[in-house]
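See below for protein-v8.txt, which holds compact mmCIF, C-alpha atoms.
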# COMPACT_ATOMS: atom_id res chain seq x y z
CA MET G 1 163.94 -4.61 280.28
CA ALA G 2 163.30 -3.83 276.61
CA ILE G 3 163.31 -0.12 275.88
CA GLU G 4 163.63 1.00 272.26
CA HIS G 5 164.22 4.55 271.05
CA LEU G 6 162.25 4.86 267.82
CA LYS G 7 163.28 8.52 267.58
CA GLN G 8 166.04 10.22 269.56
CA SER G 9 166.90 13.88 270.19
CA LYS G 10 170.21 15.73 269.96
CA PRO G 11 173.00 14.30 272.14
CA GLU G 12 173.72 15.96 275.49
CA VAL G 13 177.17 17.12 274.37
CA GLU G 14 175.65 19.38 271.70
CA ARG G 15 173.19 20.83 274.21
CA ALA G 16 176.06 21.56 276.62
CA GLU G 17 177.90 23.52 273.92
CA ASP G 18 174.83 25.70 273.40
CA ASP G 19 174.57 26.30 277.17
CA ALA G 20 178.22 27.38 277.39
CA LYS G 21 177.73 30.10 274.75
CA VAL G 22 174.69 31.48 276.58
CA ARG G 23 176.58 31.46 279.90
CA GLN G 24 179.38 33.68 278.55
CA VAL G 25 177.00 36.26 277.07
CA VAL G 26 174.97 36.49 280.29
CA GLU G 27 178.03 36.83 282.52
CA ALA G 28 179.35 39.75 280.49
CA THR G 29 175.95 41.44 280.35
CA LEU G 30 175.28 41.20 284.08
CA SER G 31 178.76 42.60 284.80
CA ASP G 32 177.95 45.55 282.56
CA ILE G 33 174.65 46.19 284.37
CA GLU G 34 176.39 46.05 287.73
CA ALA G 35 179.07 48.50 286.58
CA ARG G 36 176.94 51.01 284.67
CA GLY G 37 173.41 50.60 286.06
CA ASP G 38 170.70 52.48 284.20
CA ALA G 39 173.04 53.39 281.34
CA ALA G 40 173.74 49.73 280.60
CA VAL G 41 170.05 48.81 280.85
CA ARG G 42 169.18 51.62 278.42
CA ASP G 43 171.87 50.56 275.93
CA LEU G 44 170.69 46.96 276.06
CA SER G 45 167.06 47.96 275.64
CA ILE G 46 167.92 50.05 272.59
CA LYS G 47 170.06 47.24 271.13
CA PHE G 48 167.61 44.36 271.61
CA ASP G 49 164.18 46.02 271.71
CA GLY G 50 164.77 49.29 269.83
CA LEU G 51 163.31 51.17 272.79
CA ASP G 52 164.87 54.37 274.14
CA ARG G 53 163.12 55.94 277.11
CA PRO G 54 164.34 58.16 279.93
CA ASN G 55 162.58 55.81 282.37
CA TYR G 56 161.41 52.25 281.71
CA LYS G 57 158.88 52.20 284.53
CA LEU G 58 155.32 52.58 283.24
CA SER G 59 153.40 55.50 284.67
CA SER G 60 149.84 55.17 285.97
CA SER G 61 148.55 56.85 282.81
CA GLU G 62 150.52 54.43 280.60
CA ILE G 63 149.11 51.46 282.51
CA GLU G 64 145.59 52.82 282.15
CA ALA G 65 146.09 53.51 278.44
CA ALA G 66 147.36 49.99 277.84
CA MET G 67 144.46 48.41 279.72
CA ASN G 68 141.96 50.46 277.74
CA LYS G 69 143.22 48.71 274.59
CA VAL G 70 142.15 45.28 275.91
CA SER G 71 138.76 44.20 274.60
CA ASP G 72 135.95 43.44 277.02
CA ALA G 73 135.97 39.79 275.92
CA ASP G 74 139.71 39.43 276.56
CA MET G 75 139.34 41.17 279.91
CA ARG G 76 136.63 38.70 280.94
CA ASP G 77 138.88 35.80 279.99
CA ILE G 78 141.80 37.24 281.96
CA ARG G 79 139.57 37.71 285.00
CA PHE G 80 138.29 34.13 284.74
CA ALA G 81 141.84 32.75 284.59
CA GLN G 82 142.94 34.89 287.52
CA ASP G 83 139.93 33.76 289.55
CA GLN G 84 140.96 30.12 289.10
CA ILE G 85 144.62 30.74 289.86
CA ARG G 86 143.80 32.90 292.89
CA ALA G 87 141.40 30.30 294.31
CA PHE G 88 143.97 27.50 294.14
CA ALA G 89 146.75 29.72 295.50
CA GLN G 90 144.53 30.78 298.40
CA ALA G 91 143.77 27.13 299.19
CA GLN G 92 147.50 26.37 299.15
CA ARG G 93 148.22 29.33 301.43
CA ALA G 94 145.56 28.18 303.87
CA SER G 95 147.31 24.82 304.12
CA MET G 96 150.47 26.50 305.46
CA THR G 97 149.94 27.30 309.11
CA ASP G 98 152.11 28.87 311.79
CA ILE G 99 152.72 26.51 314.69
CA GLU G 100 153.81 26.66 318.32
CA VAL G 101 154.26 23.54 320.45
CA GLU G 102 155.44 22.90 324.02
CA THR G 103 158.00 20.12 323.56
CA LEU G 104 159.00 20.09 327.25
CA PRO G 105 157.35 21.84 330.18
CA GLY G 106 158.34 25.48 329.74
CA VAL G 107 159.93 25.05 326.28
CA LEU G 108 157.99 26.58 323.39
CA LEU G 109 159.08 26.00 319.78
CA GLY G 110 157.36 27.35 316.73
CA HIS G 111 157.59 28.61 313.20
CA LYS G 112 156.12 31.50 311.24
CA ASN G 113 155.54 31.71 307.50
CA ILE G 114 156.76 35.15 306.45
CA PRO G 115 156.45 36.52 302.89
CA VAL G 116 159.54 37.46 300.93
CA GLN G 117 159.63 41.26 301.11
CA SER G 118 160.19 42.04 297.42
CA VAL G 119 159.84 40.01 294.25
CA GLY G 120 160.69 40.68 290.61
CA CYS G 121 158.39 38.87 288.16
CA TYR G 122 159.58 38.39 284.59
CA VAL G 123 156.94 37.87 281.91
CA PRO G 124 158.20 36.70 278.50
CA GLY G 125 156.93 38.61 275.52
CA GLY G 126 159.13 37.82 272.55
CA LYS G 127 157.69 35.52 269.91
CA PHE G 128 154.67 34.81 272.13
CA PRO G 129 153.43 37.38 274.68
CA MET G 130 152.82 35.10 277.67
CA VAL G 131 149.97 36.86 279.42
CA ALA G 132 149.42 33.85 281.67
CA SER G 133 152.88 34.19 283.20
CA ALA G 134 151.75 37.41 284.85
CA HIS G 135 148.98 35.52 286.64
CA MET G 136 151.31 32.77 287.73
CA SER G 137 153.95 35.00 289.28
CA VAL G 138 152.42 38.36 290.17
CA LEU G 139 149.05 37.09 291.40
CA THR G 140 150.56 34.20 293.37
CA ALA G 141 153.04 36.54 295.07
CA ASN G 142 150.12 38.81 295.91
CA VAL G 143 148.20 35.93 297.55
CA ALA G 144 151.34 35.14 299.57
CA GLY G 145 151.34 38.71 300.90
CA VAL G 146 154.56 39.98 299.30
CA PRO G 147 154.59 43.75 300.06
CA ARG G 148 156.55 44.84 296.96
CA ILE G 149 155.92 43.12 293.64
CA ILE G 150 157.56 44.48 290.51
CA ALA G 151 156.99 43.05 287.06
CA SER G 152 158.70 43.43 283.73
CA ALA G 153 157.98 42.39 280.15
CA PRO G 154 159.56 43.40 276.83
CA PRO G 155 157.81 45.85 274.51
CA GLN G 156 155.86 44.83 271.41
CA GLN G 157 156.69 47.15 268.51
CA GLY G 158 157.94 49.70 271.01
CA GLU G 159 154.79 49.64 273.15
CA PRO G 160 153.69 47.76 276.26
CA HIS G 161 151.60 44.70 275.45
CA PRO G 162 148.09 45.67 276.61
CA ALA G 163 146.98 42.26 277.89
CA ILE G 164 150.25 41.63 279.75
CA VAL G 165 150.01 45.02 281.45
CA ALA G 166 146.38 44.33 282.36
CA ALA G 167 147.28 40.94 283.84
CA MET G 168 150.19 42.42 285.82
CA HIS G 169 148.10 45.28 287.18
CA MET G 170 145.07 43.14 288.01
CA GLY G 171 147.34 40.56 289.59
CA GLY G 172 148.70 43.11 292.05
CA ALA G 173 151.99 44.45 290.64
CA HIS G 174 153.16 47.61 292.41
CA GLU G 175 155.65 48.61 289.68
CA ILE G 176 155.63 47.64 285.99
CA TYR G 177 158.67 47.98 283.72
CA LEU G 178 158.96 47.86 279.94
CA LEU G 179 162.15 45.79 279.84
CA GLY G 180 162.98 42.40 278.39
CA GLY G 181 165.64 39.73 278.55
CA ILE G 182 168.85 39.89 280.54
CA GLN G 183 168.48 43.63 281.10
CA ALA G 184 165.13 43.12 282.88
CA VAL G 185 166.36 40.30 285.09
CA GLY G 186 169.66 42.06 285.79
CA ALA G 187 168.01 45.38 286.64
CA MET G 188 165.57 43.73 289.05
CA GLY G 189 168.14 41.42 290.64
CA ILE G 190 171.17 43.73 290.82
CA GLY G 191 169.38 47.07 291.00
CA THR G 192 170.19 50.34 289.28
CA GLU G 193 169.97 54.02 290.15
CA SER G 194 166.25 53.99 289.36
CA ILE G 195 165.26 50.41 290.26
CA GLU G 196 165.61 49.14 293.80
CA PRO G 197 166.79 45.49 293.74
CA VAL G 198 164.43 42.74 294.79
CA HIS G 199 164.98 39.82 297.15
CA MET G 200 163.68 37.19 294.73
CA LEU G 201 163.31 36.67 290.97
CA VAL G 202 160.61 34.50 289.42
CA GLY G 203 159.11 33.69 286.06
CA PRO G 204 159.97 31.78 282.88
CA GLY G 205 161.96 33.07 279.94
CA ASN G 206 164.33 32.13 277.16
CA ALA G 207 167.76 30.57 277.67
CA PHE G 208 169.34 33.96 278.43
CA VAL G 209 166.73 34.84 281.06
CA ALA G 210 167.07 31.42 282.70
CA GLU G 211 170.86 31.71 282.77
CA ALA G 212 170.69 35.23 284.21
CA LYS G 213 168.54 33.95 287.05
CA ARG G 214 170.98 31.08 287.60
CA GLN G 215 173.96 33.44 287.82
CA LEU G 216 172.12 35.79 290.21
CA PHE G 217 171.02 32.96 292.50
CA GLY G 218 172.56 33.49 295.91
CA ARG G 219 172.51 37.25 295.60
CA VAL G 220 168.76 36.86 295.28
CA GLY G 221 166.42 33.92 295.60
CA ILE G 222 164.83 32.41 292.51
CA ASP G 223 161.79 30.23 291.96
CA LEU G 224 163.68 27.45 290.18
CA PHE G 225 166.18 26.72 287.43
CA ALA G 226 164.12 26.71 284.25
CA GLY G 227 165.14 25.82 280.72
CA PRO G 228 163.13 25.35 277.52
CA THR G 229 159.66 23.93 278.04
CA GLU G 230 159.43 20.14 278.03
CA THR G 231 156.44 17.92 277.40
CA MET G 232 156.05 14.19 277.81
CA VAL G 233 153.11 12.04 276.79
CA ILE G 234 152.75 8.67 278.51
CA ALA G 235 150.15 6.75 276.53
CA ASP G 236 148.82 3.29 275.76
CA GLU G 237 146.25 2.02 273.28
CA THR G 238 143.37 3.63 275.19
CA VAL G 239 144.07 6.83 273.20
CA ASP G 240 144.77 7.60 269.56
CA ALA G 241 147.64 9.11 267.63
CA GLU G 242 145.88 12.39 266.89
CA LEU G 243 145.58 13.15 270.61
CA CYS G 244 149.21 12.22 271.28
CA ALA G 245 150.57 14.18 268.33
CA THR G 246 148.50 17.25 269.19
CA ASP G 247 149.74 17.26 272.78
CA LEU G 248 153.37 16.86 271.71
CA LEU G 249 153.31 19.63 269.10
CA GLY G 250 151.26 21.90 271.33
CA GLN G 251 154.33 22.44 273.49
CA ALA G 252 157.00 21.99 270.80
CA GLU G 253 155.86 25.29 269.30
CA HIS G 254 157.29 27.20 272.29
CA GLY G 255 160.76 27.45 270.76
CA TYR G 256 163.34 25.76 268.57
CA ASN G 257 164.69 23.72 271.48
CA SER G 258 161.57 22.51 273.30
CA PRO G 259 161.85 18.78 274.05
CA ALA G 260 158.81 16.59 273.39
CA CYS G 261 158.70 12.88 274.22
CA LEU G 262 156.24 10.04 273.77
CA ILE G 263 156.58 7.01 276.03
CA THR G 264 154.33 4.12 275.09
CA ASN G 265 154.01 0.36 275.24
CA SER G 266 152.23 0.28 271.89
CA GLY G 267 154.32 0.01 268.73
CA LYS G 268 151.19 0.72 266.69
CA LEU G 269 150.50 3.96 268.58
CA ALA G 270 154.15 5.02 268.26
CA GLU G 271 154.21 4.57 264.48
CA GLU G 272 150.82 6.22 264.01
CA THR G 273 151.88 9.17 266.17
CA ILE G 274 154.97 9.73 264.03
CA ALA G 275 152.76 9.81 260.93
CA GLU G 276 150.22 12.06 262.61
CA ILE G 277 152.93 14.54 263.65
CA ASP G 278 154.07 14.74 260.03
CA ARG G 279 150.47 15.42 258.95
CA LEU G 280 149.88 18.11 261.58
CA LEU G 281 153.15 19.87 260.78
CA ASN G 282 151.77 20.53 257.30
CA ILE G 283 148.82 22.50 258.68
CA LEU G 284 150.07 23.91 262.02
CA PRO G 285 150.65 27.70 261.71
CA THR G 286 153.59 27.47 264.13
CA ALA G 287 155.13 24.52 262.29
CA GLU G 288 158.30 26.46 261.49
CA THR G 289 159.19 26.38 265.17
CA ALA G 290 157.54 23.12 266.21
CA SER G 291 159.12 21.14 263.37
CA VAL G 292 162.64 22.15 264.41
CA SER G 293 161.95 21.26 268.04
CA TRP G 294 160.52 17.91 267.02
CA ARG G 295 163.42 17.20 264.64
CA ASP G 296 166.16 18.07 267.15
CA TYR G 297 164.53 17.45 270.52
CA GLY G 298 161.81 14.88 269.87
CA ASP G 299 161.90 11.38 271.38
CA ILE G 300 159.69 8.33 271.00
CA ILE G 301 160.45 5.56 273.46
CA LEU G 302 158.82 2.15 273.15
CA CYS G 303 158.62 0.03 276.31
CA ASP G 304 157.32 -3.47 277.00
CA THR G 305 155.63 -2.80 280.34
CA TYR G 306 154.01 -0.06 282.39
CA ASP G 307 156.79 -0.44 284.97
CA GLU G 308 159.33 0.36 282.26
CA MET G 309 157.30 3.37 281.15
CA LEU G 310 157.21 4.61 284.74
CA SER G 311 160.95 4.09 285.23
CA VAL G 312 161.87 5.97 282.04
CA ALA G 313 159.48 8.83 282.86
CA ASN G 314 160.83 9.25 286.40
CA ASP G 315 164.40 9.20 285.10
CA MET G 316 163.74 11.87 282.45
CA ALA G 317 161.82 14.02 284.98
CA TYR G 318 160.13 16.21 282.36
CA GLU G 319 158.33 19.46 283.08
CA HIS G 320 154.86 18.58 281.75
CA VAL G 321 153.78 14.94 281.91
CA GLN G 322 150.51 14.08 280.15
CA VAL G 323 149.29 10.62 281.24
CA MET G 324 146.65 8.90 279.10
CA THR G 325 146.48 5.23 280.02
CA ASP G 326 144.19 2.65 281.55
CA ARG G 327 145.89 3.31 284.94
CA ASP G 328 146.35 7.06 285.30
CA ASP G 329 145.95 6.98 289.09
CA TRP G 330 148.72 4.36 289.30
CA PHE G 331 151.06 6.83 287.61
CA LEU G 332 149.89 9.58 289.99
CA GLU G 333 150.73 7.32 292.92
CA ASN G 334 154.13 6.22 291.61
CA MET G 335 155.54 9.18 289.69
CA HIS G 336 158.06 11.07 291.84
CA SER G 337 160.09 13.27 289.49
CA TYR G 338 158.26 15.74 287.23
CA GLY G 339 157.01 19.30 287.01
CA ALA G 340 153.26 18.76 286.86
CA LEU G 341 151.01 15.84 285.94
CA PHE G 342 148.06 16.09 283.57
CA LEU G 343 145.91 13.01 284.06
CA GLY G 344 143.50 11.59 281.52
CA PRO G 345 142.57 12.48 277.94
CA ARG G 346 140.19 15.26 279.06
CA THR G 347 143.12 17.07 280.70
CA ASN G 348 145.83 18.88 278.78
CA VAL G 349 148.93 20.98 279.34
CA ALA G 350 147.51 24.07 277.62
CA ASN G 351 144.74 24.34 280.22
CA GLY G 352 147.39 24.11 282.92
CA ASP G 353 149.45 26.74 281.18
CA LYS G 354 146.66 29.27 280.88
CA VAL G 355 143.58 28.85 283.00
CA ILE G 356 142.81 25.80 285.13
CA GLY G 357 144.42 27.17 288.30
CA THR G 358 147.70 25.35 288.90
CA ASN G 359 150.94 27.23 288.27
CA HIS G 360 152.72 26.89 284.93
CA THR G 361 156.22 27.90 286.08
CA LEU G 362 157.70 24.42 286.46
CA PRO G 363 161.09 22.69 286.78
CA THR G 364 162.92 21.53 283.64
CA LYS G 365 166.22 19.78 282.90
CA LYS G 366 165.52 17.14 285.54
CA ALA G 367 165.11 19.70 288.33
CA GLY G 368 161.83 17.94 289.12
CA ARG G 369 163.97 15.40 290.98
CA TYR G 370 164.50 17.94 293.79
CA THR G 371 161.89 20.70 293.46
CA GLY G 372 158.33 21.31 292.45
CA GLY G 373 157.11 24.32 290.53
CA LEU G 374 156.26 27.85 291.52
CA TRP G 375 153.45 28.08 294.07
CA VAL G 376 152.37 30.36 296.87
CA GLY G 377 154.77 28.61 299.27
CA LYS G 378 157.79 29.68 297.19
CA PHE G 379 157.08 33.27 298.25
CA LEU G 380 156.99 32.34 301.94
CA LYS G 381 159.95 31.74 304.24
CA THR G 382 159.38 29.42 307.17
CA HIS G 383 161.29 30.80 310.14
CA SER G 384 161.57 28.98 313.46
CA TYR G 385 161.72 30.49 316.93
CA GLN G 386 162.15 29.24 320.49
CA LYS G 387 161.13 30.52 323.89
CA VAL G 388 162.01 29.14 327.34
CA ILE G 389 159.54 30.37 329.94
CA SER G 390 160.51 28.63 333.20
CA ASP G 391 163.64 28.39 335.35
CA GLU G 392 163.32 24.62 335.43
CA ALA G 393 163.28 24.36 331.64
CA ALA G 394 166.23 26.75 331.27
CA THR G 395 168.21 24.61 333.72
CA LEU G 396 167.28 21.24 332.22
CA VAL G 397 167.96 22.17 328.60
CA GLY G 398 171.06 24.14 329.65
CA GLU G 399 172.62 21.11 331.35
CA TYR G 400 172.21 18.96 328.24
CA GLY G 401 173.38 21.81 326.01
CA SER G 402 176.48 22.38 328.13
CA ARG G 403 177.60 18.78 327.91
CA LEU G 404 176.85 18.47 324.18
CA CYS G 405 178.79 21.67 323.42
CA MET G 406 181.82 20.41 325.38
CA LEU G 407 181.55 17.09 323.52
CA GLU G 408 182.34 19.07 320.36
CA GLY G 409 184.95 21.27 322.00
CA PHE G 410 182.91 24.48 321.90
CA VAL G 411 183.69 25.99 325.30
CA GLY G 412 182.15 29.37 324.50
CA HIS G 413 178.97 27.65 323.39
CA ALA G 414 178.95 25.67 326.64
CA GLU G 415 179.19 28.87 328.66
CA GLN G 416 176.04 30.19 326.99
CA CYS G 417 174.30 27.19 328.54
CA ASN G 418 176.22 27.25 331.84
CA ILE G 419 175.36 30.84 332.69
CA ARG G 420 171.68 29.90 332.48
CA VAL G 421 172.27 26.83 334.63
CA ARG G 422 173.95 29.02 337.27
CA ARG G 423 171.43 31.86 337.05
CA TYR G 424 168.16 29.96 336.81
CA GLY G 425 169.10 26.66 338.45
CA GLY G 426 171.36 27.92 341.20
CA LEU G 427 174.00 25.30 340.30
CA ASN G 428 177.71 25.99 340.74
CA VAL G 429 179.19 25.00 337.40
CA PRO G 430 182.84 26.14 337.06
CA TYR G 431 183.70 28.27 334.03
CA GLY G 432 184.69 26.15 331.03
CA VAL G 433 183.43 22.88 332.51
CA ALA G 434 180.49 20.83 331.30
CA ALA G 435 177.45 20.80 333.55
CA PRO G 436 177.21 17.57 335.55
CA SER G 437 174.51 15.04 334.79
CA ARG G 438 171.69 14.76 337.26
CA ASP G 439 171.57 11.03 336.75
CA ALA G 440 174.75 9.32 337.85
CA ALA G 441 173.90 6.46 335.53
CA GLU G 442 174.35 8.65 332.46
Would you mind writing the file out in structure tokens?
Amino acid sequence: MAIEHLKQSKPEVERAEDDAKVRQVVEATLSDIEARGDAAVRDLSIKFDGLDRPNYKLSSSEIEAAMNKVSDADMRDIRFAQDQIRAFAQAQRASMTDIEVETLPGVLLGHKNIPVQSVGCYVPGGKFPMVASAHMSVLTANVAGVPRIIASAPPQQGEPHPAIVAAMHMGGAHEIYLLGGIQAVGAMGIGTESIEPVHMLVGPGNAFVAEAKRQLFGRVGIDLFAGPTETMVIADETVDAELCATDLLGQAEHGYNSPACLITNSGKLAEETIAEIDRLLNILPTAETASVSWRDYGDIILCDTYDEMLSVANDMAYEHVQVMTDRDDWFLENMHSYGALFLGPRTNVANGDKVIGTNHTLPTKKAGRYTGGLWVGKFLKTHSYQKVISDEAATLVGEYGSRLCMLEGFVGHAEQCNIRVRRYGGLNVPYGVAAPSRDAAE
């Protein structure tokens, strides 16, 4: 196997040092919120956002005023995006059915899909106000049937961002808060005097938001562990360097630590893409950010074969994987670790991020090896139940249960089975003794 790194990103040890610093800040901040509640949230909001309010929940009149600032054209675009996202989420929800089966005569087993009862949706709004994140979290939770959906985003120049508020409200948020960062996540997850805590936290954010969700996991559920956005382009000579470079830099502009990787079996395409990235960085308005990401977190990996390209891509398990080859469906069939796939040159990550209908909250930092992204099913809990409706079934299952409990030494467990055997089967099973087998050959 010949795999060559033509460009390599920062070593893992340096990334780990950055993570450790974030972890300490978040731990101290969450402890402060837990101890002082609303007072801590207010202090943090003043410190980081310059916003001092007696209450950070937006009133109905504030929501209406914010929405009135959104142009008709922007409102039409938001509605179109939400229509696409809602349609796909509804199709996903329809695929999840409650079941009940009779596994033995008189034994009914089933499961129900029950919505999480309250969800806190964080919508980033720092350098880039991510209107689309409101669709992805709030609207999807609404399709799932979550009865209490609260949403929070940081202020822009001391005011709510009109389009974010519109997207939250139209998506179905029941409460909207003007809070950002750790204080938003902490207030929703821990709760304060004025904010009732939620059962689940969802939504993307910066390193501090992601770490806050990680530290609160267990106390509340979360959608997934999310780090800086990642993009991977898997390409061969069927596409050109301009397309590859554009797709890499399109995600590198997210932040100063957004990994971008090209995997190719074409040395010519690799070299031309490097040159094209340099050219685009001279004209890209967000080059200040994208250039740092590309310098510190950019990779170009040259492989000999498609099998090598597949192996490297599955091992890296990036969030966004753009496939532009002569065998895109082969990659779809064989890729197993990623956030979302974007197949063919007509497809792109930006459409997935904003409008096409799939969810853009996706696993990073190799979490795609064990989870997919946010979807309507993340807001549903599948709970099983059982019902025994005949004396014969209660006796039969009870006899097996009694013996299997005694096999493990659980006498009290065995008695739960034995009392049913006595009551519904009329069998005389002594206390603390396993029920006899009906078949002497057993």
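Residue nearest Ile190 in chain G, chosen from G:Ala252, G:Val220, G:Leu404, G:Ala167 and counting all atoms listed in the file: G:Val220.
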Checklist entry - With all atoms listed in the file as the basis for distance, which of G:Asn314, G:Thr325, G:Asn282, G:Ser59 is at the shortest distance from Ser266 in chain G? => result G:Thr325
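Between CA of Thr382 in chain G and CA of Leu201 in chain G there is a distance of 18.2 Å.
The residue that comes closest to Thr358 in chain G, out of G:Lys21, G:Arg86, G:His174, G:His161 and on the basis of all atoms listed in the file, is G:Arg86.
Atom pair CA of Gly398 in chain G / CA of Asn418 in chain G has a distance of 6.4 Å (rounded to one decimal).
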Which neighbours of Phe48 in chain G fall inside 10 Å, counting all atoms listed in the file, when residues of the same chain fewer than 4 positions from it are skipped, and could you give them as an mmCIF file with C-alpha atoms, in the frame of the given file?
data_model
loop_
_atom_site.group_PDB
_atom_site.id
_atom_site.type_symbol
_atom_site.label_atom_id
_atom_site.label_comp_id
_atom_site.auth_asym_id
_atom_site.auth_seq_id
_atom_site.Cartn_x
_atom_site.Cartn_y
_atom_site.Cartn_z
ATOM 1 C CA ASP G 43 171.870 50.560 275.930
ATOM 2 C CA LEU G 44 170.690 46.960 276.060
ATOM 3 C CA PRO G 154 159.560 43.400 276.830
ATOM 4 C CA LEU G 179 162.150 45.790 279.840
ATOM 5 C CA GLY G 180 162.980 42.400 278.390
ATOM 6 C CA GLY G 181 165.640 39.730 278.550
ATOM 7 C CA GLN G 183 168.480 43.630 281.100
#
Item to check | range 81-84 of chain G surroundings by all atoms listed in the file, 12 Å radius, close-in-sequence under 5 positions cut, as a ChimeraX atom specification | outcome: /G:74-76,89-91,131-140,142-143,166-172,351-359
Next on the checklist: If we draw a sphere of 12 Å around (180.7, 20.9, 333.1), which residues have at least one atom in it when counting only C-alpha atoms? Please report them as JSON, numbers by chain.
Outcome noted: {"G": [398, 399, 400, 401, 402, 403, 404, 405, 406, 407, 409, 410, 411, 413, 414, 415, 417, 418, 419, 421, 422, 427, 428, 429, 430, 431, 432, 433, 434, 435, 436, 437, 438]}
Next on the checklist: Need to verify the contact set: Ile46 in chain G, 12 Å, only C-alpha atoms, exclusion of same-chain residues closer than 3 positions in sequence. Can you return it as a list in words?
Outcome noted: Ala39, Ala40, Val41, Arg42, Asp43, Asp49, Gly50, Leu51, Asp52, Arg53, Pro54, Tyr56, Pro154, Pro155, Gly158, Leu178, Leu179, Gly180 and Gln183 of chain G
Store the residues of this selection in a file with C-alpha atoms, as a CSV table (one decimal), in the frame of the given file.
chain,number,residue,atom,x,y,z
G,39,ALA,CA,173.0,53.4,281.3
G,40,ALA,CA,173.7,49.7,280.6
G,41,VAL,CA,170.0,48.8,280.8
G,42,ARG,CA,169.2,51.6,278.4
G,43,ASP,CA,171.9,50.6,275.9
G,49,ASP,CA,164.2,46.0,271.7
G,50,GLY,CA,164.8,49.3,269.8
G,51,LEU,CA,163.3,51.2,272.8
G,52,ASP,CA,164.9,54.4,274.1
G,53,ARG,CA,163.1,55.9,277.1
G,54,PRO,CA,164.3,58.2,279.9
G,56,TYR,CA,161.4,52.2,281.7
G,154,PRO,CA,159.6,43.4,276.8
G,155,PRO,CA,157.8,45.8,274.5
G,158,GLY,CA,157.9,49.7,271.0
G,178,LEU,CA,159.0,47.9,279.9
G,179,LEU,CA,162.2,45.8,279.8
G,180,GLY,CA,163.0,42.4,278.4
G,183,GLN,CA,168.5,43.6,281.1
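Distance annotation: of G:Thr231, G:Thr97, G:Asn257, G:Asn55, the residue with the minimal separation from Lys112 in chain G is G:Thr97; atom set is only C-alpha atoms.
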Checklist entry - Within 10 Å of Pro363 in chain G, counting all atoms listed in the file, which residues qualify if same-chain residues fewer than 6 places away don't, as a PyMOL selection string? => result chain G and resi 204+223-230+317-320+337-340+369-374
Checklist entry - At what distance in Å, to one decimal, does CA of Ile182 in chain G lie from CA of Arg148 in chain G? => result 21.1 Å
Checklist outcome for this item: With distances taken over all atoms listed in the file, the candidate from G:Asp38, G:Glu408, G:Gly205, G:Asp296 nearest Glu12 in chain G is G:Asp296
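Nearest residue to Lys57 in chain G among G:Gly377, G:Gly189, G:Pro160, G:Gly221 is G:Pro160, counting all atoms listed in the file.
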Next on the checklist: Just want the 12 Å neighbourhood of Arg279 in chain G, counted on only C-alpha atoms, with same-chain residues fewer than 6 positions away dropped. Output as number ranges by chain.
Outcome noted: G: 241-242, 245-246, 249, 272-273, 287, 291
